[in-house]
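Below is entry.csv, which holds CSV, C-alpha atoms and all ligand atoms.
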chain,number,residue,atom,x,y,z
X,1,GLY,CA,3.2,-11.2,61.0
X,2,PRO,CA,2.6,-9.7,57.5
X,3,SER,CA,5.6,-8.3,55.6
X,4,ARG,CA,6.5,-4.8,56.7
X,5,VAL,CA,7.8,-2.3,54.2
X,6,CYS,CA,10.0,0.6,55.1
X,7,VAL,CA,10.1,3.7,52.8
X,8,THR,CA,12.9,6.1,53.6
X,9,ARG,CA,11.2,9.3,52.3
X,10,THR,CA,7.8,10.6,51.3
X,11,LEU,CA,7.4,9.5,47.6
X,12,PRO,CA,5.7,11.4,44.8
X,13,ASP,CA,1.9,11.0,45.0
X,14,ALA,CA,1.5,8.1,42.6
X,15,GLY,CA,4.1,6.1,44.7
X,16,MET,CA,2.2,6.9,47.9
X,17,ARG,CA,-1.0,5.7,46.3
X,18,GLU,CA,0.7,2.5,45.2
X,19,LEU,CA,2.0,1.9,48.7
X,20,GLU,CA,-1.7,1.6,49.8
X,21,THR,CA,-2.1,-1.5,47.6
X,22,LEU,CA,0.5,-3.4,49.7
X,23,PRO,CA,-1.0,-6.0,51.9
X,24,GLY,CA,1.2,-5.4,55.0
X,25,PRO,CA,2.1,-2.4,57.2
X,26,VAL,CA,4.1,0.4,55.6
X,27,ASP,CA,6.3,2.9,57.5
X,28,VAL,CA,7.2,6.0,55.6
X,29,HIS,CA,9.9,8.4,57.0
X,30,HIS,CA,8.1,11.7,56.7
X,31,GLY,CA,10.4,14.6,57.0
X,32,ASP,CA,12.0,17.5,55.2
X,33,GLY,CA,15.0,15.4,54.3
X,34,PRO,CA,16.3,11.9,54.5
X,35,PRO,CA,16.4,10.2,57.8
X,36,SER,CA,19.6,10.4,59.8
X,37,ARG,CA,21.8,7.3,59.7
X,38,ALA,CA,20.6,6.4,63.2
X,39,GLU,CA,17.0,6.9,62.3
X,40,LEU,CA,17.4,4.8,59.2
X,41,LEU,CA,19.1,1.9,61.0
X,42,ASP,CA,16.3,1.9,63.5
X,43,ALA,CA,13.6,2.2,60.9
X,44,VAL,CA,14.7,-0.7,58.8
X,45,ALA,CA,14.9,-3.2,61.6
X,46,GLY,CA,12.6,-6.2,60.9
X,47,ALA,CA,11.5,-4.9,57.5
X,48,SER,CA,10.8,-7.3,54.6
X,49,GLY,CA,11.0,-4.6,51.9
X,50,LEU,CA,12.8,-1.3,51.6
X,51,VAL,CA,12.1,1.5,49.2
X,52,THR,CA,15.3,3.6,49.2
X,53,LEU,CA,16.5,6.8,47.5
X,54,LEU,CA,19.9,7.6,46.2
X,55,THR,CA,20.7,9.5,49.4
X,56,GLU,CA,20.7,6.3,51.4
X,57,SER,CA,23.7,4.1,51.6
X,58,VAL,CA,22.6,0.5,51.6
X,59,ASP,CA,25.6,-1.3,52.9
X,60,GLU,CA,26.5,-4.3,55.2
X,61,GLU,CA,25.6,-2.3,58.3
X,62,LEU,CA,22.2,-1.4,57.0
X,63,LEU,CA,21.5,-4.9,55.7
X,64,THR,CA,22.5,-6.3,59.1
X,65,ALA,CA,20.3,-3.7,60.9
X,66,ALA,CA,17.3,-4.8,58.7
X,67,GLY,CA,17.8,-8.4,59.6
X,68,PRO,CA,16.9,-11.8,58.1
X,69,ASP,CA,13.4,-10.9,57.0
X,70,LEU,CA,14.6,-8.5,54.4
X,71,ARG,CA,13.9,-9.8,50.8
X,72,VAL,CA,13.9,-6.7,48.6
X,73,VAL,CA,15.5,-3.3,48.3
X,74,ALA,CA,13.9,-1.1,45.7
X,75,ASN,CA,15.9,1.9,44.8
X,76,CYS,CA,13.8,4.7,43.4
X,77,ALA,CA,16.5,5.7,40.9
X,78,VAL,CA,18.2,4.2,37.9
X,79,GLY,CA,21.6,4.5,39.4
X,80,TYR,CA,22.4,2.1,42.3
X,81,ASP,CA,25.9,3.0,43.3
X,82,ASN,CA,24.4,3.8,46.8
X,83,ILE,CA,23.8,0.0,47.2
X,84,ASP,CA,26.2,-2.7,47.9
X,85,VAL,CA,24.7,-5.1,45.4
X,86,ASP,CA,27.1,-8.0,46.3
X,87,ALA,CA,26.3,-7.7,50.0
X,88,ALA,CA,22.6,-7.9,49.2
X,89,ALA,CA,23.1,-10.8,46.8
X,90,ARG,CA,25.0,-12.8,49.5
X,91,ARG,CA,22.0,-12.4,51.8
X,92,GLY,CA,19.5,-13.4,49.0
X,93,VAL,CA,18.1,-9.8,49.0
X,94,VAL,CA,16.8,-8.7,45.6
X,95,VAL,CA,17.8,-5.2,44.5
X,96,THR,CA,15.8,-3.3,41.9
X,97,ASN,CA,16.2,0.1,40.3
X,98,THR,CA,13.9,2.2,38.0
X,99,PRO,CA,15.4,2.1,34.5
X,100,ASP,CA,13.6,3.2,31.3
X,101,VAL,CA,10.9,5.4,32.9
X,102,LEU,CA,13.4,8.3,33.3
X,103,ASP,CA,15.3,8.1,30.1
X,104,GLU,CA,13.4,10.8,28.3
X,105,ALA,CA,13.4,13.2,31.2
X,106,THR,CA,17.1,12.8,31.8
X,107,ALA,CA,17.9,13.3,28.1
X,108,ASP,CA,15.7,16.4,28.1
X,109,LEU,CA,17.7,17.9,31.0
X,110,ALA,CA,21.0,16.9,29.4
X,111,VAL,CA,20.1,18.7,26.2
X,112,THR,CA,18.7,21.6,28.2
X,113,LEU,CA,22.0,21.9,29.9
X,114,MET,CA,24.1,21.7,26.7
X,115,LEU,CA,22.0,24.3,25.0
X,116,ALA,CA,21.9,26.6,28.0
X,117,ALA,CA,25.7,26.4,28.5
X,118,SER,CA,26.5,26.8,24.8
X,119,ARG,CA,24.2,29.8,24.4
X,120,ARG,CA,25.0,31.2,27.9
X,121,VAL,CA,21.4,31.5,28.8
X,122,VAL,CA,21.8,31.5,32.6
X,123,GLU,CA,24.7,34.0,32.4
X,124,ALA,CA,22.6,36.2,30.2
X,125,ASP,CA,19.6,36.0,32.5
X,126,ARG,CA,21.9,37.0,35.5
X,127,TYR,CA,23.1,39.9,33.4
X,128,LEU,CA,19.6,41.3,32.9
X,129,ARG,CA,18.6,40.7,36.5
X,130,ALA,CA,21.7,42.6,37.7
X,131,GLY,CA,20.2,45.6,36.0
X,132,ASN,CA,22.9,46.0,33.3
X,133,GLN,CA,22.2,48.7,30.7
X,134,TRP,CA,22.0,47.0,27.3
X,135,ILE,CA,21.1,47.5,23.7
X,136,TRP,CA,21.1,44.8,21.0
X,137,ASP,CA,24.6,44.3,20.0
X,138,PRO,CA,25.9,41.8,17.4
X,139,ARG,CA,28.6,40.7,19.8
X,140,LEU,CA,26.5,40.4,23.0
X,141,PHE,CA,26.7,36.9,24.6
X,142,LEU,CA,28.2,35.1,21.7
X,143,GLY,CA,28.2,31.4,22.2
X,144,LEU,CA,28.7,28.0,20.6
X,145,ASP,CA,26.5,27.1,17.6
X,146,LEU,CA,25.3,23.6,18.4
X,147,SER,CA,23.2,22.9,15.3
X,148,ALA,CA,25.7,23.9,12.7
X,149,GLY,CA,27.5,20.5,12.7
X,150,ALA,CA,28.9,20.7,16.3
X,151,THR,CA,30.0,17.3,17.6
X,152,VAL,CA,28.4,15.8,20.7
X,153,GLY,CA,30.5,13.2,22.5
X,154,ILE,CA,28.4,10.8,24.5
X,155,VAL,CA,30.3,8.9,27.2
X,156,GLY,CA,28.3,5.8,27.9
X,157,LEU,CA,25.6,5.2,25.2
X,158,GLY,CA,22.9,3.2,26.9
X,159,ARG,CA,19.3,4.0,27.0
X,160,ILE,CA,19.7,7.5,28.3
X,161,GLY,CA,22.7,8.2,26.0
X,162,LEU,CA,20.6,7.0,23.1
X,163,ALA,CA,17.8,9.3,24.0
X,164,VAL,CA,20.3,12.2,24.0
X,165,ALA,CA,21.6,11.0,20.6
X,166,ARG,CA,18.1,11.1,19.1
X,167,ARG,CA,17.7,14.7,20.2
X,168,ALA,CA,21.1,15.7,19.1
X,169,ASN,CA,20.6,14.1,15.7
X,170,ALA,CA,17.4,16.1,15.3
X,171,PHE,CA,19.4,19.3,15.9
X,172,GLY,CA,21.8,18.3,13.2
X,173,MET,CA,24.7,17.7,15.5
X,174,ARG,CA,27.4,15.1,14.7
X,175,LEU,CA,27.5,12.2,17.2
X,176,ALA,CA,30.4,10.3,18.7
X,177,ALA,CA,30.2,7.9,21.6
X,178,HIS,CA,32.5,6.0,23.8
X,179,ARG,CA,31.1,2.6,25.0
X,180,ILE,CA,27.9,1.8,23.3
X,181,SER,CA,25.6,-0.8,25.0
X,182,GLU,CA,25.1,-3.9,22.7
X,183,SER,CA,21.4,-3.5,23.0
X,184,CYS,CA,21.6,0.1,21.8
X,185,ARG,CA,24.1,-0.4,18.9
X,186,ALA,CA,21.6,-0.9,16.1
X,187,GLU,CA,19.8,2.4,16.8
X,188,ALA,CA,23.1,4.2,17.5
X,189,ASP,CA,24.3,3.1,14.1
X,190,ALA,CA,21.1,4.2,12.4
X,191,LEU,CA,21.6,7.7,14.0
X,192,GLY,CA,25.1,7.9,12.6
X,193,VAL,CA,26.9,7.6,15.9
X,194,THR,CA,30.6,7.0,15.5
X,195,GLU,CA,32.2,4.8,18.2
X,196,VAL,CA,35.6,6.2,19.2
X,197,PRO,CA,38.1,5.7,22.0
X,198,LEU,CA,37.7,8.2,24.9
X,199,PRO,CA,40.8,10.3,24.0
X,200,THR,CA,39.4,10.7,20.4
X,201,LEU,CA,36.0,11.6,21.8
X,202,LEU,CA,37.4,14.2,24.1
X,203,SER,CA,39.6,15.9,21.6
X,204,SER,CA,37.0,16.0,18.8
X,205,SER,CA,33.8,17.0,20.7
X,206,ASP,CA,32.3,20.4,21.2
X,207,VAL,CA,30.1,19.0,23.9
X,208,VAL,CA,30.9,16.0,26.1
X,209,THR,CA,27.9,14.6,27.9
X,210,LEU,CA,28.2,11.8,30.5
X,211,HIS,CA,25.7,8.9,30.7
X,212,CYS,CA,27.7,6.1,32.3
X,213,PRO,CA,26.9,4.6,35.7
X,214,LEU,CA,29.2,5.3,38.6
X,215,THR,CA,31.4,2.2,39.1
X,216,PRO,CA,35.0,1.7,40.2
X,217,ARG,CA,35.9,1.9,36.5
X,218,THR,CA,34.2,5.2,35.9
X,219,HIS,CA,35.2,6.9,39.2
X,220,HIS,CA,37.1,10.1,38.1
X,221,LEU,CA,36.9,8.9,34.5
X,222,ILE,CA,37.1,12.6,33.6
X,223,GLY,CA,40.2,14.2,35.4
X,224,ALA,CA,42.8,16.8,34.6
X,225,ALA,CA,44.3,14.9,31.6
X,226,GLU,CA,40.9,14.3,30.1
X,227,LEU,CA,39.8,17.9,30.6
X,228,ASP,CA,43.0,19.1,29.0
X,229,ALA,CA,42.4,16.9,26.0
X,230,MET,CA,39.1,18.7,25.3
X,231,PRO,CA,39.0,21.8,23.0
X,232,SER,CA,39.2,25.1,25.0
X,233,HIS,CA,35.7,26.0,23.9
X,234,ALA,CA,34.2,22.6,24.8
X,235,VAL,CA,31.2,22.2,27.2
X,236,LEU,CA,31.1,19.4,29.7
X,237,VAL,CA,27.6,18.2,30.7
X,238,ASN,CA,27.1,15.8,33.7
X,239,THR,CA,23.7,14.3,34.5
X,240,ALA,CA,25.2,10.9,35.5
X,241,ARG,CA,27.0,10.8,38.8
X,242,GLY,CA,29.2,13.5,40.3
X,243,PRO,CA,32.2,11.3,41.1
X,244,VAL,CA,32.6,10.3,37.4
X,245,VAL,CA,34.3,13.7,37.3
X,246,ASP,CA,37.3,14.8,39.4
X,247,GLU,CA,35.5,18.0,40.6
X,248,ALA,CA,38.7,19.7,41.9
X,249,ALA,CA,40.3,19.1,38.5
X,250,LEU,CA,37.2,20.5,36.8
X,251,VAL,CA,37.3,23.7,38.8
X,252,ASP,CA,40.9,24.1,38.0
X,253,ALA,CA,40.3,23.4,34.2
X,254,LEU,CA,37.5,26.0,34.1
X,255,GLU,CA,39.5,28.6,35.9
X,256,ARG,CA,42.5,28.0,33.6
X,257,GLY,CA,40.2,28.2,30.5
X,258,ALA,CA,41.1,24.6,29.6
X,259,ILE,CA,37.5,24.0,28.7
X,260,GLY,CA,34.7,26.5,27.9
X,261,ALA,CA,31.9,25.7,30.3
X,262,ALA,CA,30.4,23.0,32.5
X,263,ALA,CA,26.7,22.3,33.1
X,264,LEU,CA,26.2,20.0,36.1
X,265,ASP,CA,23.2,18.2,37.6
X,266,VAL,CA,25.4,16.1,39.9
X,267,PHE,CA,28.3,16.7,42.2
X,268,GLU,CA,31.1,14.7,43.6
X,269,HIS,CA,30.1,15.3,47.3
X,270,GLU,CA,26.4,15.9,47.2
X,271,PRO,CA,24.7,17.9,48.6
X,272,ARG,CA,27.9,19.9,48.8
X,273,VAL,CA,28.8,21.9,45.6
X,274,HIS,CA,32.4,22.9,45.3
X,275,PRO,CA,32.2,26.6,46.3
X,276,ARG,CA,34.5,27.8,43.4
X,277,LEU,CA,32.2,26.2,40.9
X,278,LEU,CA,29.5,28.6,42.0
X,279,GLU,CA,31.7,31.6,41.5
X,280,LEU,CA,32.3,30.9,37.8
X,281,ASP,CA,30.1,32.5,35.1
X,282,ASN,CA,30.6,29.6,32.7
X,283,VAL,CA,29.1,27.1,35.1
X,284,ILE,CA,25.5,26.0,35.3
X,285,ALA,CA,24.7,24.0,38.4
X,286,VAL,CA,21.3,22.5,39.2
X,287,PRO,CA,20.5,20.2,42.2
X,288,HIS,CA,20.3,16.7,40.7
X,289,ILE,CA,16.9,17.2,38.9
X,290,ALA,CA,17.4,15.3,35.7
X,291,SER,CA,14.5,13.0,36.4
X,292,ALA,CA,12.3,15.6,38.1
X,293,GLY,CA,9.4,15.6,35.7
X,294,HIS,CA,6.0,15.1,37.5
X,295,ALA,CA,5.1,12.1,35.4
X,296,THR,CA,8.6,10.7,35.5
X,297,ARG,CA,8.9,10.8,39.2
X,298,ASP,CA,5.5,9.3,39.6
X,299,ALA,CA,6.5,6.5,37.3
X,300,MET,CA,9.8,5.9,39.2
X,301,ALA,CA,8.0,5.7,42.5
X,302,THR,CA,5.3,3.4,41.2
X,303,LEU,CA,7.8,1.1,39.7
X,304,ALA,CA,9.8,1.0,42.9
X,305,VAL,CA,6.8,0.0,44.9
X,306,ARG,CA,5.6,-2.6,42.3
X,307,ASN,CA,9.1,-4.2,42.6
X,308,VAL,CA,8.6,-4.5,46.3
X,309,ALA,CA,5.1,-5.9,45.9
X,310,ALA,CA,6.2,-8.4,43.3
X,311,VAL,CA,9.1,-9.9,45.4
X,312,LEU,CA,7.0,-10.0,48.6
X,313,ALA,CA,4.3,-11.8,46.7
X,314,GLY,CA,6.8,-14.4,45.5
X,315,ARG,CA,6.8,-13.1,41.9
X,316,PRO,CA,9.9,-12.0,40.0
X,317,PRO,CA,10.9,-8.4,40.3
X,318,LEU,CA,10.0,-6.2,37.4
X,319,THR,CA,13.4,-4.5,37.1
X,320,PRO,CA,16.2,-6.3,39.1
X,321,VAL,CA,19.6,-4.6,38.8
X,322,ARG,CA,21.4,-7.8,37.7
X,323,GLU,CA,19.2,-8.3,34.7
X,324,ARG,CA,20.8,-7.3,31.4
X,325,SER,CA,19.3,-3.9,30.5
X,326,SER,CA,17.3,-3.7,27.4
X,327,CYS,CA,17.3,-0.8,25.0
X,328,HIS,CA,13.8,0.6,24.3
X,329,SER,CA,13.3,2.9,21.5
S,1,LIG,C1,19.0,9.7,39.5
S,1,LIG,O1,20.1,10.2,39.7
S,1,LIG,C2,18.8,8.3,39.2
S,1,LIG,O2,19.8,7.5,39.2
S,1,LIG,O3,17.7,7.9,39.0
S,2,LIG,C1,18.2,39.2,15.6
S,2,LIG,O1,17.4,39.5,16.5
S,2,LIG,C2,18.0,39.3,14.2
S,2,LIG,O2,16.9,39.8,13.8
S,2,LIG,O3,18.9,38.9,13.5

Please go through the file and, once you have read it, give me the structure as structure tokens.
Ligand code: GLV
Ligand code: GLV
Amino acid sequence: GPSRVCVTRTLPDAGMRELETLPGPVDVHHGDGPPSRAELLDAVAGASGLVTLLTESVDEELLTAAGPDLRVVANCAVGYDNIDVDAAARRGVVVTNTPDVLDEATADLAVTLMLAASRRVVEADRYLRAGNQWIWDPRLFLGLDLSAGATVGIVGLGRIGLAVARRANAFGMRLAAHRISESCRAEADALGVTEVPLPTLLSSSDVVTLHCPLTPRTHHLIGAAELDAMPSHAVLVNTARGPVVDEAALVDALERGAIGAAALDVFEHEPRVHPRLLELDNVIAVPHIASAGHATRDAMATLAVRNVAAVLAGRPPLTPVRERSSCHS
């Protein structure tokens, strides 16, 4: 019969409309959250295409459950650490992600978090809501001056890191980076980004912002030693993936005053957030919303569905994960 496509969650509107253009049947898991593992394994059986979210683990078991008709897994995210890409490749299953379309939104949130943490915006808002008596005071809620030559250290300068660098440059910040993608190097150079080893970046940055993918190499890249290497006023921003940071070590570093603040969009054990993080005034925690702009999420969902459509029609995918990423400016 015609190729069936399984979608693991209700997509943003544009993605739902794009699904209507597919020639074959489409099954969408409608529900408040992701399907249970059992529901997922059942739903994928016999599918030719899957549209998945980062909450779904696409591993050997799931690929086996899908069966031999499966030709494409389109992750509606730029990160694809939830997918066993090698297992998919062994079966000839194409894996795609949604790069480029979320770079600006993600960089916007990273900068929002660095400004909010540096200037203690969330803490100050809580202070007013708590009904504190106040009168303007020259020492009230003093924070870090970001524009006056503060240094931002970008760990992983690819497309998203570059979008952060452009913003930080416009603020007059100094820029350092560890690991610059070849395709981003020319623009990084033009922005005055200095490439430094990670220890140098950590010890010389007022803000450290993470933009690397989660891989075995970057798992716990930031642990106790790295946090201790940062200045005691430094702000750590994570909009990449939670496990890039050793969360227990981060809690400890914040409690000891080893760093100044953390602003986190992602967590090591999502959806769980380390309870002690939420007790600290110098922590901003938001629920993995970096790409959550209306237009951005529409673009991600549309791209994911177009990847499925292309592969099922025998055309090359638009954004396969193995393709060398380009650096759009
Ligand atoms: C979100 O975290 C993404 O990878 O797109
Ligand atoms: C602050 O409100 C100022 O006027 O300096």

* Interatomic distance, CA of Gly314 (chain X) to CA of Ala74 (chain X) (Å, one decimal) ->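 Taking CA of Gly314 (chain X) and CA of Ala74 (chain X), their separation equals 15.1 Å.
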
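Pairwise distance (CA of Ile83 (chain X), CA of Gly33 (chain X)) equals 19.1 Å.
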
Selection as a compact mmCIF listing (two decimals) with C-alpha atoms, in the coordinates of the input: residues within 10 Å of ligand LIG 2 (chain S) by all atoms listed in the file:
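Here's the written file out.txt:
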# COMPACT_ATOMS: atom_id res chain seq x y z
CA TRP X 136 21.10 44.80 21.00
CA ASP X 137 24.60 44.30 20.00
CA PRO X 138 25.90 41.80 17.40

* Asked: Pick the closest to Met114 (chain X) from X:Glu39, X:Asp228, X:Glu279, X:Asp206: which is it, counting only C-alpha atoms?
  ->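 Distance minimum relative to Met114 (chain X) lands on X:Asp206.
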
* To do: Tell me which protein, DNA and RNA residues are within 12 Å of region 248-260 of chain X, counting all atoms listed in the file, leaving out same-chain ones fewer than 5 positions away, and put them as a PyMOL selection string.
  => chain X and resi 114+117-120+143-144+202-203+205-208+220-238+242-243+267-269+273-284

What are the closest atom pairs, with distances in Å to one decimal, for all residues of chain X lying within 6 Å of ligand LIG 1 (chain S)? Consider all atoms listed in the file, order rows by chain and residue number, and present the result as a tab-separated table.
residue	atom	partner	partner_atom	distance
X:Ala77	CA	S:LIG1	O3	3.1
X:Val78	CA	S:LIG1	O2	3.9
X:Gly79	CA	S:LIG1	O2	3.5

Write out as a Markdown table a residue-level contact list of region 243-304 of chain X versus region 152-176 of chain X with cut-off 12 Å: for each qualifying residue the closest pair of atoms and the distance in Å to one decimal, counting all atoms listed in the file, rows sorted by chain and residue number upward.
| residue | atom | partner | partner_atom | distance |
| --- | --- | --- | --- | --- |
| X:Val244 | CA | X:Val155 | CA | 10.5 |
| X:Val245 | CA | X:Val155 | CA | 11.9 |
| X:Ala290 | CA | X:Ile160 | CA | 11.0 |
| X:Ser291 | CA | X:Ile160 | CA | 11.1 |

* Protein, DNA and RNA residues within 12 Å of (21.1, 11.9, 40.0), all atoms listed in the file, as a PyMOL selection string -> chain X and resi 53-55+76-82+102+105-106+109-110+210-214+238-244+264-268+270-271+286-292

Resulting file, chosen residues, C-alpha atoms, as a PDB file, in the coordinates of the input:
ATOM      1  CA  LEU X  53      16.500   6.800  47.500  1.00  0.00           C
ATOM      2  CA  LEU X  54      19.900   7.600  46.200  1.00  0.00           C
ATOM      3  CA  THR X  55      20.700   9.500  49.400  1.00  0.00           C
ATOM      4  CA  CYS X  76      13.800   4.700  43.400  1.00  0.00           C
ATOM      5  CA  ALA X  77      16.500   5.700  40.900  1.00  0.00           C
ATOM      6  CA  VAL X  78      18.200   4.200  37.900  1.00  0.00           C
ATOM      7  CA  GLY X  79      21.600   4.500  39.400  1.00  0.00           C
ATOM      8  CA  TYR X  80      22.400   2.100  42.300  1.00  0.00           C
ATOM      9  CA  ASP X  81      25.900   3.000  43.300  1.00  0.00           C
ATOM     10  CA  ASN X  82      24.400   3.800  46.800  1.00  0.00           C
ATOM     11  CA  LEU X 102      13.400   8.300  33.300  1.00  0.00           C
ATOM     12  CA  ALA X 105      13.400  13.200  31.200  1.00  0.00           C
ATOM     13  CA  THR X 106      17.100  12.800  31.800  1.00  0.00           C
ATOM     14  CA  LEU X 109      17.700  17.900  31.000  1.00  0.00           C
ATOM     15  CA  ALA X 110      21.000  16.900  29.400  1.00  0.00           C
ATOM     16  CA  LEU X 210      28.200  11.800  30.500  1.00  0.00           C
ATOM     17  CA  HIS X 211      25.700   8.900  30.700  1.00  0.00           C
ATOM     18  CA  CYS X 212      27.700   6.100  32.300  1.00  0.00           C
ATOM     19  CA  PRO X 213      26.900   4.600  35.700  1.00  0.00           C
ATOM     20  CA  LEU X 214      29.200   5.300  38.600  1.00  0.00           C
ATOM     21  CA  ASN X 238      27.100  15.800  33.700  1.00  0.00           C
ATOM     22  CA  THR X 239      23.700  14.300  34.500  1.00  0.00           C
ATOM     23  CA  ALA X 240      25.200  10.900  35.500  1.00  0.00           C
ATOM     24  CA  ARG X 241      27.000  10.800  38.800  1.00  0.00           C
ATOM     25  CA  GLY X 242      29.200  13.500  40.300  1.00  0.00           C
ATOM     26  CA  PRO X 243      32.200  11.300  41.100  1.00  0.00           C
ATOM     27  CA  VAL X 244      32.600  10.300  37.400  1.00  0.00           C
ATOM     28  CA  LEU X 264      26.200  20.000  36.100  1.00  0.00           C
ATOM     29  CA  ASP X 265      23.200  18.200  37.600  1.00  0.00           C
ATOM     30  CA  VAL X 266      25.400  16.100  39.900  1.00  0.00           C
ATOM     31  CA  PHE X 267      28.300  16.700  42.200  1.00  0.00           C
ATOM     32  CA  GLU X 268      31.100  14.700  43.600  1.00  0.00           C
ATOM     33  CA  GLU X 270      26.400  15.900  47.200  1.00  0.00           C
ATOM     34  CA  PRO X 271      24.700  17.900  48.600  1.00  0.00           C
ATOM     35  CA  VAL X 286      21.300  22.500  39.200  1.00  0.00           C
ATOM     36  CA  PRO X 287      20.500  20.200  42.200  1.00  0.00           C
ATOM     37  CA  HIS X 288      20.300  16.700  40.700  1.00  0.00           C
ATOM     38  CA  ILE X 289      16.900  17.200  38.900  1.00  0.00           C
ATOM     39  CA  ALA X 290      17.400  15.300  35.700  1.00  0.00           C
ATOM     40  CA  SER X 291      14.500  13.000  36.400  1.00  0.00           C
ATOM     41  CA  ALA X 292      12.300  15.600  38.100  1.00  0.00           C
TER      42      ALA X 292
END

* Asked: How many Å lie between CA of Ala309 (chain X) and CA of Ser48 (chain X), rounded to one decimal?
  ->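 Taking CA of Ala309 (chain X) as the start and CA of Ser48 (chain X) as the end point, the length is 10.5 Å.
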
* For region 4-21 of chain X, work out the shell of residues within 10 Å, counting only C-alpha atoms and skipping chain neighbours fewer than 5 positions away, then give it as a PyMOL selection string. => chain X and resi 26-35+39-40+43-53+55-56+66+69-70+72-74+76+294-306+308-309+312

* Which residue of X:Thr151, X:Asn307, X:Thr218, X:Thr209 approaches Thr112 (chain X) most closely, using all atoms listed in the file ->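 Nearest candidate to Thr112 (chain X) out of X:Thr151, X:Asn307, X:Thr218, X:Thr209: X:Thr209.
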
* **Which of X:Arg126, X:Val58, X:Asp108, X:Asp100 sits closest to Val85 (chain X) [using all atoms listed in the file]** =>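 Result for the nearest residue to Val85 (chain X): X:Val58.
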
Kindly complete region 230-243 of chain X to N, CA and C atoms; the output should be written as a CSV table (one decimal), in the coordinates of the input.
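Result written to part_24.csv:
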chain,number,residue,atom,x,y,z
X,230,MET,N,40.3,18.2,26.0
X,230,MET,CA,39.1,18.7,25.3
X,230,MET,C,39.5,20.1,24.7
X,231,PRO,N,38.8,20.5,23.6
X,231,PRO,CA,39.0,21.8,23.0
X,231,PRO,C,38.7,22.9,24.1
X,232,SER,N,39.4,24.1,24.0
X,232,SER,CA,39.2,25.1,25.0
X,232,SER,C,37.8,25.7,25.0
X,233,HIS,N,37.0,25.5,23.9
X,233,HIS,CA,35.7,26.0,23.9
X,233,HIS,C,34.6,24.9,24.3
X,234,ALA,N,35.1,23.7,24.6
X,234,ALA,CA,34.2,22.6,24.8
X,234,ALA,C,33.3,22.8,26.1
X,235,VAL,N,32.1,22.2,26.0
X,235,VAL,CA,31.2,22.2,27.2
X,235,VAL,C,31.1,20.8,27.7
X,236,LEU,N,31.3,20.7,29.0
X,236,LEU,CA,31.1,19.4,29.7
X,236,LEU,C,29.7,19.4,30.4
X,237,VAL,N,28.9,18.3,30.1
X,237,VAL,CA,27.6,18.2,30.7
X,237,VAL,C,27.6,16.9,31.6
X,238,ASN,N,27.2,17.0,32.8
X,238,ASN,CA,27.1,15.8,33.7
X,238,ASN,C,25.8,15.7,34.3
X,239,THR,N,25.0,14.7,33.8
X,239,THR,CA,23.7,14.3,34.5
X,239,THR,C,23.8,12.9,35.0
X,240,ALA,N,25.0,12.4,35.1
X,240,ALA,CA,25.2,10.9,35.5
X,240,ALA,C,25.4,10.8,37.0
X,241,ARG,N,26.7,10.8,37.4
X,241,ARG,CA,27.0,10.8,38.8
X,241,ARG,C,28.2,11.7,39.0
X,242,GLY,N,28.2,12.5,40.1
X,242,GLY,CA,29.2,13.5,40.3
X,242,GLY,C,30.6,12.9,40.3
X,243,PRO,N,30.9,11.8,41.0
X,243,PRO,CA,32.2,11.3,41.1
X,243,PRO,C,32.8,10.7,39.8
